[in-house]
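Asks: My structure is stored as data34.txt, with compact mmCIF, C-alpha atoms.
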```txt
# COMPACT_ATOMS: atom_id res chain seq x y z
CA MET A 19 6.39 -22.90 20.34
CA ASN A 20 5.31 -23.49 16.75
CA ASN A 21 7.86 -25.52 14.76
CA ARG A 22 6.12 -25.30 11.40
CA ARG A 23 7.83 -23.20 8.75
CA ILE A 24 5.55 -20.32 7.72
CA GLY A 25 6.11 -18.36 4.52
CA ILE A 26 4.77 -14.83 4.12
CA ILE A 27 4.23 -13.14 0.76
CA ALA A 28 2.73 -9.70 0.15
CA ASP A 29 1.58 -7.74 -2.87
CA CYS A 30 4.04 -5.06 -4.01
CA VAL A 31 1.47 -2.32 -3.29
CA PHE A 32 2.26 -2.61 0.43
CA ASP A 33 4.91 0.10 -0.04
CA ILE A 34 7.61 -0.95 2.36
CA SER A 35 11.18 -1.11 1.13
CA ARG A 36 12.72 -4.25 -0.32
CA GLU A 37 15.36 -4.05 2.41
CA MET A 38 12.72 -4.04 5.14
CA ALA A 39 10.84 -6.88 3.46
CA GLU A 40 14.02 -8.97 3.20
CA MET A 41 14.95 -8.21 6.82
CA HIS A 42 11.63 -9.64 7.99
CA GLY A 43 11.49 -12.55 5.55
CA ILE A 44 8.58 -11.24 3.46
CA ASP A 45 8.52 -12.11 -0.24
CA ILE A 46 7.05 -9.50 -2.61
CA VAL A 47 4.56 -10.28 -5.39
CA PRO A 48 5.11 -7.84 -8.29
CA PHE A 49 2.12 -6.43 -10.19
CA TYR A 50 2.19 -5.62 -13.91
CA ILE A 51 2.19 -2.11 -15.36
CA THR A 52 1.31 -1.48 -18.98
CA THR A 53 2.36 1.59 -20.96
CA ASP A 54 2.29 2.16 -24.71
CA THR A 55 5.87 0.82 -24.80
CA GLY A 56 5.19 -2.54 -23.16
CA ARG A 57 4.18 -4.50 -20.07
CA PHE A 58 6.53 -4.46 -17.08
CA ARG A 59 6.82 -6.12 -13.67
CA ASP A 60 6.78 -3.68 -10.78
CA ILE A 61 10.01 -3.44 -8.76
CA THR A 62 12.15 -5.64 -11.02
CA GLU A 63 11.42 -4.00 -14.40
CA ILE A 64 9.90 -0.59 -13.63
CA THR A 65 10.08 1.91 -10.78
CA SER A 66 7.95 4.77 -9.52
CA GLN A 67 10.46 7.23 -11.00
CA ASN A 68 10.06 5.55 -14.40
CA ILE A 69 6.29 6.07 -14.14
CA LEU A 70 6.67 9.77 -13.33
CA GLU A 71 9.12 10.30 -16.21
CA TYR A 72 6.95 8.37 -18.66
CA THR A 73 3.77 10.26 -17.80
CA GLN A 74 5.53 13.63 -17.87
CA SER A 75 7.13 13.00 -21.26
CA SER A 76 4.22 11.24 -22.97
CA GLY A 77 1.19 12.81 -21.29
CA LYS A 78 -0.29 9.32 -21.11
CA GLY A 79 -1.50 7.15 -18.26
CA THR A 80 -0.78 3.53 -17.41
CA THR A 81 -2.77 0.48 -16.41
CA THR A 82 -1.92 -1.78 -13.49
CA ASP A 83 -2.85 -5.39 -12.90
CA PRO A 84 -1.96 -8.15 -10.41
CA PRO A 85 -0.59 -11.46 -11.73
CA PRO A 86 -3.02 -13.84 -13.46
CA VAL A 87 -4.40 -16.87 -11.63
CA GLU A 88 -1.82 -19.15 -13.23
CA GLU A 89 1.08 -17.13 -11.83
CA TYR A 90 -0.38 -17.18 -8.34
CA GLU A 91 -0.75 -20.96 -8.62
CA GLN A 92 2.89 -21.34 -9.69
CA LEU A 93 4.05 -18.99 -6.94
CA PHE A 94 2.12 -20.86 -4.25
CA ARG A 95 3.53 -24.22 -5.38
CA LYS A 96 7.07 -22.83 -5.38
CA LYS A 97 6.77 -21.31 -1.90
CA LEU A 98 5.18 -24.43 -0.42
CA ALA A 99 8.22 -26.42 -1.50
CA ALA A 100 10.19 -24.46 1.09
CA CYS A 101 7.66 -24.06 3.89
CA ASP A 102 4.87 -25.93 5.65
CA GLU A 103 2.26 -23.16 5.46
CA LEU A 104 1.93 -19.96 3.46
CA ILE A 105 0.21 -16.63 4.18
CA HIS A 106 -0.52 -14.25 1.30
CA ILE A 107 -1.10 -10.63 2.37
CA ALA A 108 -3.31 -9.43 -0.50
CA ALA A 109 -4.32 -5.90 -1.49
CA SER A 110 -7.89 -4.84 -0.78
CA SER A 111 -10.37 -6.86 -2.82
CA GLN A 112 -12.31 -3.62 -3.39
CA MET A 113 -9.36 -2.07 -5.24
CA SER A 114 -7.50 -4.98 -6.81
CA ALA A 115 -8.17 -8.39 -8.34
CA SER A 116 -5.26 -9.85 -6.35
CA TYR A 117 -7.38 -11.44 -3.62
CA GLU A 118 -9.90 -12.90 -6.06
CA ARG A 119 -7.19 -14.37 -8.29
CA SER A 120 -5.30 -15.78 -5.32
CA VAL A 121 -8.42 -17.55 -4.08
CA LYS A 122 -9.11 -18.91 -7.56
CA ALA A 123 -5.56 -20.23 -7.71
CA LEU A 124 -6.27 -22.33 -4.62
CA ASP A 125 -8.87 -24.29 -6.59
CA HIS A 126 -6.06 -25.66 -8.78
CA LEU A 127 -3.88 -26.79 -5.89
CA GLY A 128 -5.84 -29.78 -4.60
CA HIS A 129 -4.80 -30.85 -1.10
CA LEU A 130 -2.12 -28.12 -0.99
CA GLN A 131 -4.74 -25.40 -0.58
CA SER A 132 -5.24 -26.39 3.07
CA ARG A 133 -1.73 -25.08 3.74
CA ILE A 134 -2.38 -21.62 2.29
CA TYR A 135 -4.09 -18.61 3.88
CA VAL A 136 -5.09 -15.66 1.69
CA VAL A 137 -5.83 -12.48 3.64
CA ASP A 138 -7.94 -9.67 2.21
CA THR A 139 -6.28 -6.76 4.02
CA GLY A 140 -8.87 -4.18 2.98
CA GLN A 141 -5.80 -1.98 2.52
CA ILE A 142 -3.16 -0.85 0.06
CA SER A 143 0.16 0.91 0.56
CA ALA A 144 1.69 0.85 4.05
CA GLY A 145 -1.66 -0.11 5.58
CA ALA A 146 -1.11 -3.53 4.05
CA GLY A 147 2.58 -3.20 4.90
CA MET A 148 1.76 -2.84 8.58
CA LEU A 149 -0.16 -6.11 8.44
CA ALA A 150 2.67 -7.90 6.66
CA LEU A 151 5.18 -6.70 9.25
CA LYS A 152 2.85 -7.75 12.07
CA ALA A 153 2.54 -11.21 10.51
CA ALA A 154 6.34 -11.49 10.36
CA LYS A 155 6.69 -10.39 13.99
CA LEU A 156 4.12 -12.94 15.16
CA ARG A 157 5.92 -15.63 13.19
CA GLU A 158 9.16 -14.71 14.96
CA GLN A 159 7.33 -15.04 18.28
CA GLY A 160 6.26 -18.59 17.42
CA ALA A 161 2.60 -18.04 16.50
CA THR A 162 0.88 -20.55 14.25
CA ALA A 163 -0.35 -19.57 10.79
CA SER A 164 -3.99 -19.58 11.92
CA GLU A 165 -3.10 -17.42 14.94
CA ILE A 166 -1.27 -14.96 12.71
CA VAL A 167 -4.20 -14.68 10.31
CA ALA A 168 -6.65 -14.13 13.17
CA GLU A 169 -4.44 -11.40 14.64
CA ILE A 170 -4.00 -9.45 11.42
CA ASN A 171 -7.68 -9.78 10.50
CA ALA A 172 -8.47 -8.12 13.83
CA MET A 173 -5.71 -5.53 13.42
CA LYS A 174 -6.81 -4.37 9.95
CA GLU A 175 -9.94 -2.82 11.43
CA HIS A 176 -7.78 -0.37 13.38
CA ILE A 177 -5.52 0.93 10.61
CA SER A 178 -6.00 4.48 9.36
CA THR A 179 -4.82 5.07 5.79
CA THR A 180 -5.16 8.50 4.21
CA VAL A 181 -3.50 10.33 1.32
CA VAL A 182 -3.46 13.92 0.12
CA MET A 183 -3.18 14.54 -3.61
CA GLU A 184 -1.09 17.32 -5.12
CA THR A 185 -2.79 16.89 -8.48
CA LEU A 186 -5.56 14.78 -9.99
CA ASP A 187 -3.79 14.62 -13.36
CA TYR A 188 -2.70 11.01 -12.93
CA MET A 189 -6.12 9.86 -11.81
CA LEU A 190 -7.58 11.67 -14.83
CA LEU A 191 -5.19 9.95 -17.23
CA ASN A 192 -6.15 6.57 -15.75
CA GLY A 193 -9.86 7.31 -15.96
CA ARG A 194 -10.42 7.45 -12.19
CA VAL A 195 -11.83 10.99 -12.09
CA SER A 196 -13.66 13.14 -14.63
CA LYS A 197 -12.08 15.98 -16.61
CA ARG A 198 -14.44 18.41 -14.88
CA THR A 199 -13.33 17.30 -11.41
CA ALA A 200 -9.63 17.46 -12.30
CA ARG A 201 -9.91 20.88 -13.94
CA LEU A 202 -11.96 22.29 -11.07
CA SER A 203 -9.44 21.02 -8.55
CA LYS A 204 -6.56 22.63 -10.43
CA ALA A 205 -8.38 25.92 -11.10
CA LEU A 206 -9.30 26.38 -7.43
CA ASN A 207 -5.97 24.99 -6.13
CA LEU A 208 -7.73 22.27 -4.15
CA HIS A 209 -6.18 19.08 -2.81
CA PRO A 210 -8.46 16.11 -2.06
CA VAL A 211 -7.75 13.99 1.01
CA LEU A 212 -8.71 10.35 0.46
CA GLU A 213 -9.38 7.88 3.27
CA MET A 214 -9.66 4.10 3.19
CA LYS A 215 -13.23 3.11 4.09
CA ASN A 216 -14.58 -0.42 3.68
CA GLY A 217 -11.63 -1.40 1.52
CA LYS A 218 -11.61 1.53 -0.90
CA PHE A 219 -10.81 5.21 -0.98
CA ALA A 220 -13.44 7.85 -0.29
CA VAL A 221 -13.04 11.62 -0.14
CA LYS A 222 -12.52 12.70 3.47
CA SER A 223 -11.87 16.39 2.88
CA VAL A 224 -10.70 18.96 0.34
CA LEU A 225 -7.90 21.34 1.35
CA PRO A 226 -7.08 24.72 -0.24
CA GLY A 227 -3.81 26.48 -0.97
CA ASN A 228 -0.42 25.42 -2.28
CA MET A 229 0.75 21.90 -1.54
CA GLU A 230 2.96 22.90 1.40
CA THR A 231 0.03 24.60 3.11
CA ALA A 232 -2.29 21.71 2.28
CA ALA A 233 0.25 19.20 3.62
CA LYS A 234 0.28 20.87 7.05
CA LEU A 235 -3.51 21.09 7.13
CA TYR A 236 -3.69 17.43 6.12
CA ALA A 237 -1.33 16.28 8.89
CA ARG A 238 -3.31 18.19 11.50
CA LEU A 239 -6.56 16.79 10.11
CA VAL A 240 -5.57 13.13 10.32
CA LEU A 241 -3.46 13.35 13.48
CA GLY A 242 -5.72 15.66 15.43
CA ARG A 243 -7.17 12.95 17.66
CA ARG A 244 -3.78 12.01 19.03
CA ASP A 245 -5.16 10.20 22.10
CA SER A 246 -6.66 7.54 19.84
CA ILE A 247 -3.45 6.90 17.89
CA ASP A 248 -0.92 4.20 18.75
CA THR A 249 2.34 6.14 18.99
CA GLY A 250 4.55 3.12 18.37
CA ALA A 251 5.03 3.87 14.67
CA VAL A 252 3.72 5.90 11.76
CA PHE A 253 4.34 5.34 8.05
CA ILE A 254 4.70 8.33 5.75
CA VAL A 255 4.53 7.18 2.14
CA CYS A 256 5.65 9.66 -0.52
CA CYS A 257 5.28 9.72 -4.27
CA GLY A 258 8.04 11.56 -6.06
CA CYS A 259 8.52 14.06 -3.21
CA LYS A 260 11.88 15.81 -2.93
CA VAL A 261 14.08 14.90 0.02
CA ASP A 262 13.69 18.30 1.68
CA THR A 263 9.91 18.03 1.31
CA GLN A 264 9.96 14.59 2.91
CA ASN A 265 12.05 15.93 5.80
CA ARG A 266 9.63 18.82 6.40
CA ILE A 267 6.67 16.42 6.38
CA LYS A 268 8.45 14.10 8.81
CA GLU A 269 9.30 16.91 11.24
CA HIS A 270 5.77 18.31 11.11
CA VAL A 271 4.25 14.90 11.85
CA LYS A 272 6.64 14.40 14.78
CA SER A 273 5.68 17.82 16.16
CA LEU A 274 2.02 16.76 16.23
CA VAL A 275 2.36 13.27 17.71
CA PRO A 276 5.40 11.86 19.59
CA PHE A 277 5.78 8.69 17.53
CA GLU A 278 8.54 6.34 18.61
CA ASN A 279 9.29 5.46 14.98
CA VAL A 280 8.60 7.51 11.86
CA ILE A 281 9.07 5.28 8.83
CA MET A 282 9.46 7.00 5.47
CA ALA A 283 8.64 4.98 2.38
CA GLU A 284 8.39 5.47 -1.39
CA THR A 285 5.34 4.33 -3.29
CA SER A 286 5.62 1.35 -5.59
CA ALA A 287 5.30 1.95 -9.33
CA THR A 288 1.79 0.49 -9.15
CA VAL A 289 0.64 2.98 -6.51
CA THR A 290 2.48 5.84 -8.24
CA SER A 291 0.57 5.10 -11.45
CA ASN A 292 -2.66 5.96 -9.68
CA CYS A 293 -1.81 8.73 -7.21
CA GLY A 294 0.83 10.74 -9.07
CA LYS A 295 3.72 13.02 -8.21
CA GLY A 296 3.62 14.94 -4.96
CA ALA A 297 1.00 12.83 -3.22
CA PHE A 298 1.80 11.45 0.20
CA GLY A 299 0.00 9.38 2.77
CA ILE A 300 0.02 9.00 6.55
CA ILE A 301 -0.75 5.54 7.90
CA THR A 302 -1.29 4.92 11.59
CA LEU A 303 -2.67 2.28 13.90
CA ASN A 304 -5.50 3.31 16.19
CA ARG A 305 -5.52 2.18 19.80
CA VAL A 306 -7.79 -0.79 20.46
```
Please express the file's structure as structure tokens.
Replies:
Amino acid sequence: MNNRRIGIIADCVFDISREMAEMHGIDIVPFYITTDTGRFRDITEITSQNILEYTQSSGKGTTTDPPPVEEYEQLFRKKLAACDELIHIAASSQMSASYERSVKALDHLGHLQSRIYVVDTGQISAGAGMLALKAAKLREQGATASEIVAEINAMKEHISTTVVMETLDYMLLNGRVSKRTARLSKALNLHPVLEMKNGKFAVKSVLPGNMETAAKLYARLVLGRRDSIDTGAVFIVCCGCKVDTQNRIKEHVKSLVPFENVIMAETSATVTSNCGKGAFGIITLNRV
């Protein structure tokens, strides 16, 4: 049994609820979101609903950014005062500067850096959330910090993270797609399905029809190979979806694969800034 106290912190883009994070002893690192009215800390100063309302009323996009190196250094020092070792579950280094800045912060910590593990999850949203929850579970079981890191580094290769977009308007406002692509998608009523590959999103498919039709096609697309999916749990992460829409998505997913737990989650303000209203993702773990 490991008697060392292990702290776990995770970037806010891991899209699990604050209640779930608190229940499992995971501290959340807020990112910053900048609008033309100011700069705000995700979770504590701005929410996903605020982002949707701002974009709808102003027609403008936002920028998102993880904390600077200095803040990571201060955070690590503070957490190490209460634990023996610290694990930071960082967003994919291919999509965020979080991992890079965390590693740079270690250079300012002298001998303390040997007590800190920074994990490049290669994921965002609940894909990273799955890894954070796994780390917490292993800690509860008495694993050492190095054992936890080894386990989640192996596990991240088996996570499937996909998202279907209702509209590309938000990605257009943030400069992530061209005007031509966004207009073509809207004109033809097409909905791109994005899949995490090598730490970043790539287009997996494009689905036609209204969003309800596309949502059903999307669920069948990503859950079609049910024999390869771990049925222990699935995360469904929604961005500004109405409650009845979330319930329909949940029931459709359950009809395709008999998951023991279907966990519904709302996107963080940071993720909402980039995917926009109506988007939702399905995150599963593949069988080893």
Asks: Please indicate the distance in Å from CA of Glu230 in chain A to CA of Ile61 in chain A, rounded to one decimal place.
Replies: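 Between CA of Glu230 in chain A and CA of Ile61 in chain A the gap is 29.1 Å.
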Asks: Taking 5 positions as the minimum chain separation for residues in the same chain, which residues sit within 10 Å of Asn68 in chain A when counting all atoms listed in the file? Answer as a list in words.
Replies: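 Returned residues: Glu63, Thr73, Gln74, Ala287, Thr290 and Ser291 of chain A.
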Asks: Between range 185-241 of chain A and range 260-280 of chain A, at 12 Å or less, what are the per-residue closest atom pairs and their distances in Å? Count only C-alpha atoms, order by chain and rising residue number, and return it as CSV.
Replies:
```
residue,atom,partner,partner_atom,distance
A:Met229,CA,A:Thr263,CA,10.3
A:Glu230,CA,A:Thr263,CA,8.5
A:Thr231,CA,A:Ile267,CA,11.0
A:Ala232,CA,A:Ile267,CA,11.2
A:Ala233,CA,A:Ile267,CA,7.5
A:Lys234,CA,A:His270,CA,7.3
A:Leu235,CA,A:His270,CA,10.5
A:Tyr236,CA,A:Val271,CA,10.1
A:Ala237,CA,A:Val271,CA,6.5
A:Arg238,CA,A:Leu274,CA,7.3
A:Leu239,CA,A:Leu274,CA,10.5
A:Val240,CA,A:Val271,CA,10.1
A:Leu241,CA,A:Leu274,CA,7.0
```
Asks: Taking (-2.1, 3.0, -12.6) as a centre in this file's frame and 7 Å as the limit, can you find every polymer residue with an atom that close, using only C-alpha atoms, and give them as a list in words?
Replies: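 The residues that fall inside the cut-off are Thr80, Thr81, Thr82, Asn192, Thr288, Val289, Thr290, Ser291 and Asn292 of chain A.
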Asks: So the first atom is CA of Tyr188 in chain A and the second is CA of Lys295 in chain A; what is the distance between them in Å, to one decimal place?
Replies: 8.2 Å
Asks: Kindly indicate which residue among A:Met282, A:Leu127, A:Ala163, A:Ile46 lies nearest to Leu104 in chain A, using only C-alpha atoms for the distances.
Replies: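 Smallest separation from Leu104 in chain A among the options: A:Ala163.
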Asks: Quick one: everything within 8 Å of Ala283 in chain A, counting all atoms listed in the file, minus sequence neighbours fewer than 6 positions away in the same chain. Send it as a PyMOL selection string.
Replies: chain A and resi 33-35+253-256
Asks: Can I get the selected residues back with C-alpha atoms, as a compact mmCIF listing (two decimals), in the coordinates of the input?
Replies:
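Wrote it out as out-v3.txt, contents follow:
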```txt
# COMPACT_ATOMS: atom_id res chain seq x y z
CA ASP A 33 4.91 0.10 -0.04
CA ILE A 34 7.61 -0.95 2.36
CA SER A 35 11.18 -1.11 1.13
CA PHE A 253 4.34 5.34 8.05
CA ILE A 254 4.70 8.33 5.75
CA VAL A 255 4.53 7.18 2.14
CA CYS A 256 5.65 9.66 -0.52
```
Asks: Using all atoms listed in the file for the distances, tell me which of A:Leu151, A:Cys293, A:Leu191, A:Ala172 is nearest to Asp138 in chain A.
Replies: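 When distances to Asp138 in chain A are compared using all atoms listed in the file, the smallest one comes from A:Ala172.
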Asks: Write only C-alpha atoms for range 186-251 of chain A from the block just shown, as a compact mmCIF listing (two decimals), in the first residue's frame.
Replies:
```
# COMPACT_ATOMS: atom_id res chain seq x y z
CA LEU A 186 -19.19 25.68 -38.14
CA ASP A 187 -20.05 29.29 -37.25
CA TYR A 188 -18.04 29.25 -34.03
CA MET A 189 -15.00 27.71 -35.65
CA LEU A 190 -15.27 30.34 -38.39
CA LEU A 191 -15.40 33.18 -35.87
CA ASN A 192 -12.29 31.79 -34.16
CA GLY A 193 -10.42 31.38 -37.44
CA ARG A 194 -10.36 27.57 -37.35
CA VAL A 195 -12.13 27.03 -40.68
CA SER A 196 -12.43 29.12 -43.84
CA LYS A 197 -15.51 31.13 -44.82
CA ARG A 198 -15.91 28.91 -47.87
CA THR A 199 -15.97 25.73 -45.79
CA ALA A 200 -18.45 27.16 -43.28
CA ARG A 201 -20.77 28.52 -45.96
CA LEU A 202 -20.66 25.29 -47.96
CA SER A 203 -21.47 23.27 -44.86
CA LYS A 204 -24.46 25.46 -44.06
CA ALA A 205 -25.74 25.63 -47.65
CA LEU A 206 -25.67 21.84 -48.06
CA ASN A 207 -26.85 21.16 -44.48
CA LEU A 208 -23.76 19.11 -43.70
CA HIS A 209 -22.42 18.23 -40.26
CA PRO A 210 -18.72 17.33 -39.92
CA VAL A 211 -17.74 14.55 -37.53
CA LEU A 212 -14.33 15.18 -35.97
CA GLU A 213 -12.17 12.46 -34.41
CA MET A 214 -9.11 12.74 -32.18
CA LYS A 215 -6.10 11.37 -34.05
CA ASN A 216 -2.52 11.79 -32.82
CA GLY A 217 -3.58 14.43 -30.34
CA LYS A 218 -5.69 16.63 -32.61
CA PHE A 219 -8.99 16.60 -34.42
CA ALA A 220 -9.32 15.35 -37.98
CA VAL A 221 -12.44 15.02 -40.11
CA LYS A 222 -13.79 11.47 -39.85
CA SER A 223 -16.97 11.91 -41.86
CA VAL A 224 -19.55 14.43 -43.05
CA LEU A 225 -23.22 13.72 -42.36
CA PRO A 226 -26.24 15.20 -44.20
CA GLY A 227 -29.66 16.30 -43.02
CA ASN A 228 -30.99 18.18 -40.02
CA MET A 229 -29.13 17.86 -36.74
CA GLU A 230 -31.48 15.24 -35.29
CA THR A 231 -30.95 12.99 -38.30
CA ALA A 232 -27.20 13.64 -38.28
CA ALA A 233 -27.02 12.86 -34.55
CA LYS A 234 -28.49 9.39 -35.08
CA LEU A 235 -26.20 8.71 -38.03
CA TYR A 236 -23.25 9.91 -35.94
CA ALA A 237 -24.06 7.62 -33.00
CA ARG A 238 -24.35 4.61 -35.30
CA LEU A 239 -21.11 5.58 -37.03
CA VAL A 240 -18.98 5.75 -33.88
CA LEU A 241 -20.69 2.95 -31.96
CA GLY A 242 -21.08 0.53 -34.84
CA ARG A 243 -18.19 -1.72 -33.80
CA ARG A 244 -19.76 -2.49 -30.45
CA ASP A 245 -17.65 -5.61 -29.81
CA SER A 246 -14.54 -3.45 -29.56
CA ILE A 247 -16.04 -0.99 -27.07
CA ASP A 248 -15.68 -1.28 -23.29
CA THR A 249 -19.29 -1.14 -22.09
CA GLY A 250 -18.41 0.01 -18.59
CA ALA A 251 -19.10 3.68 -19.30
```
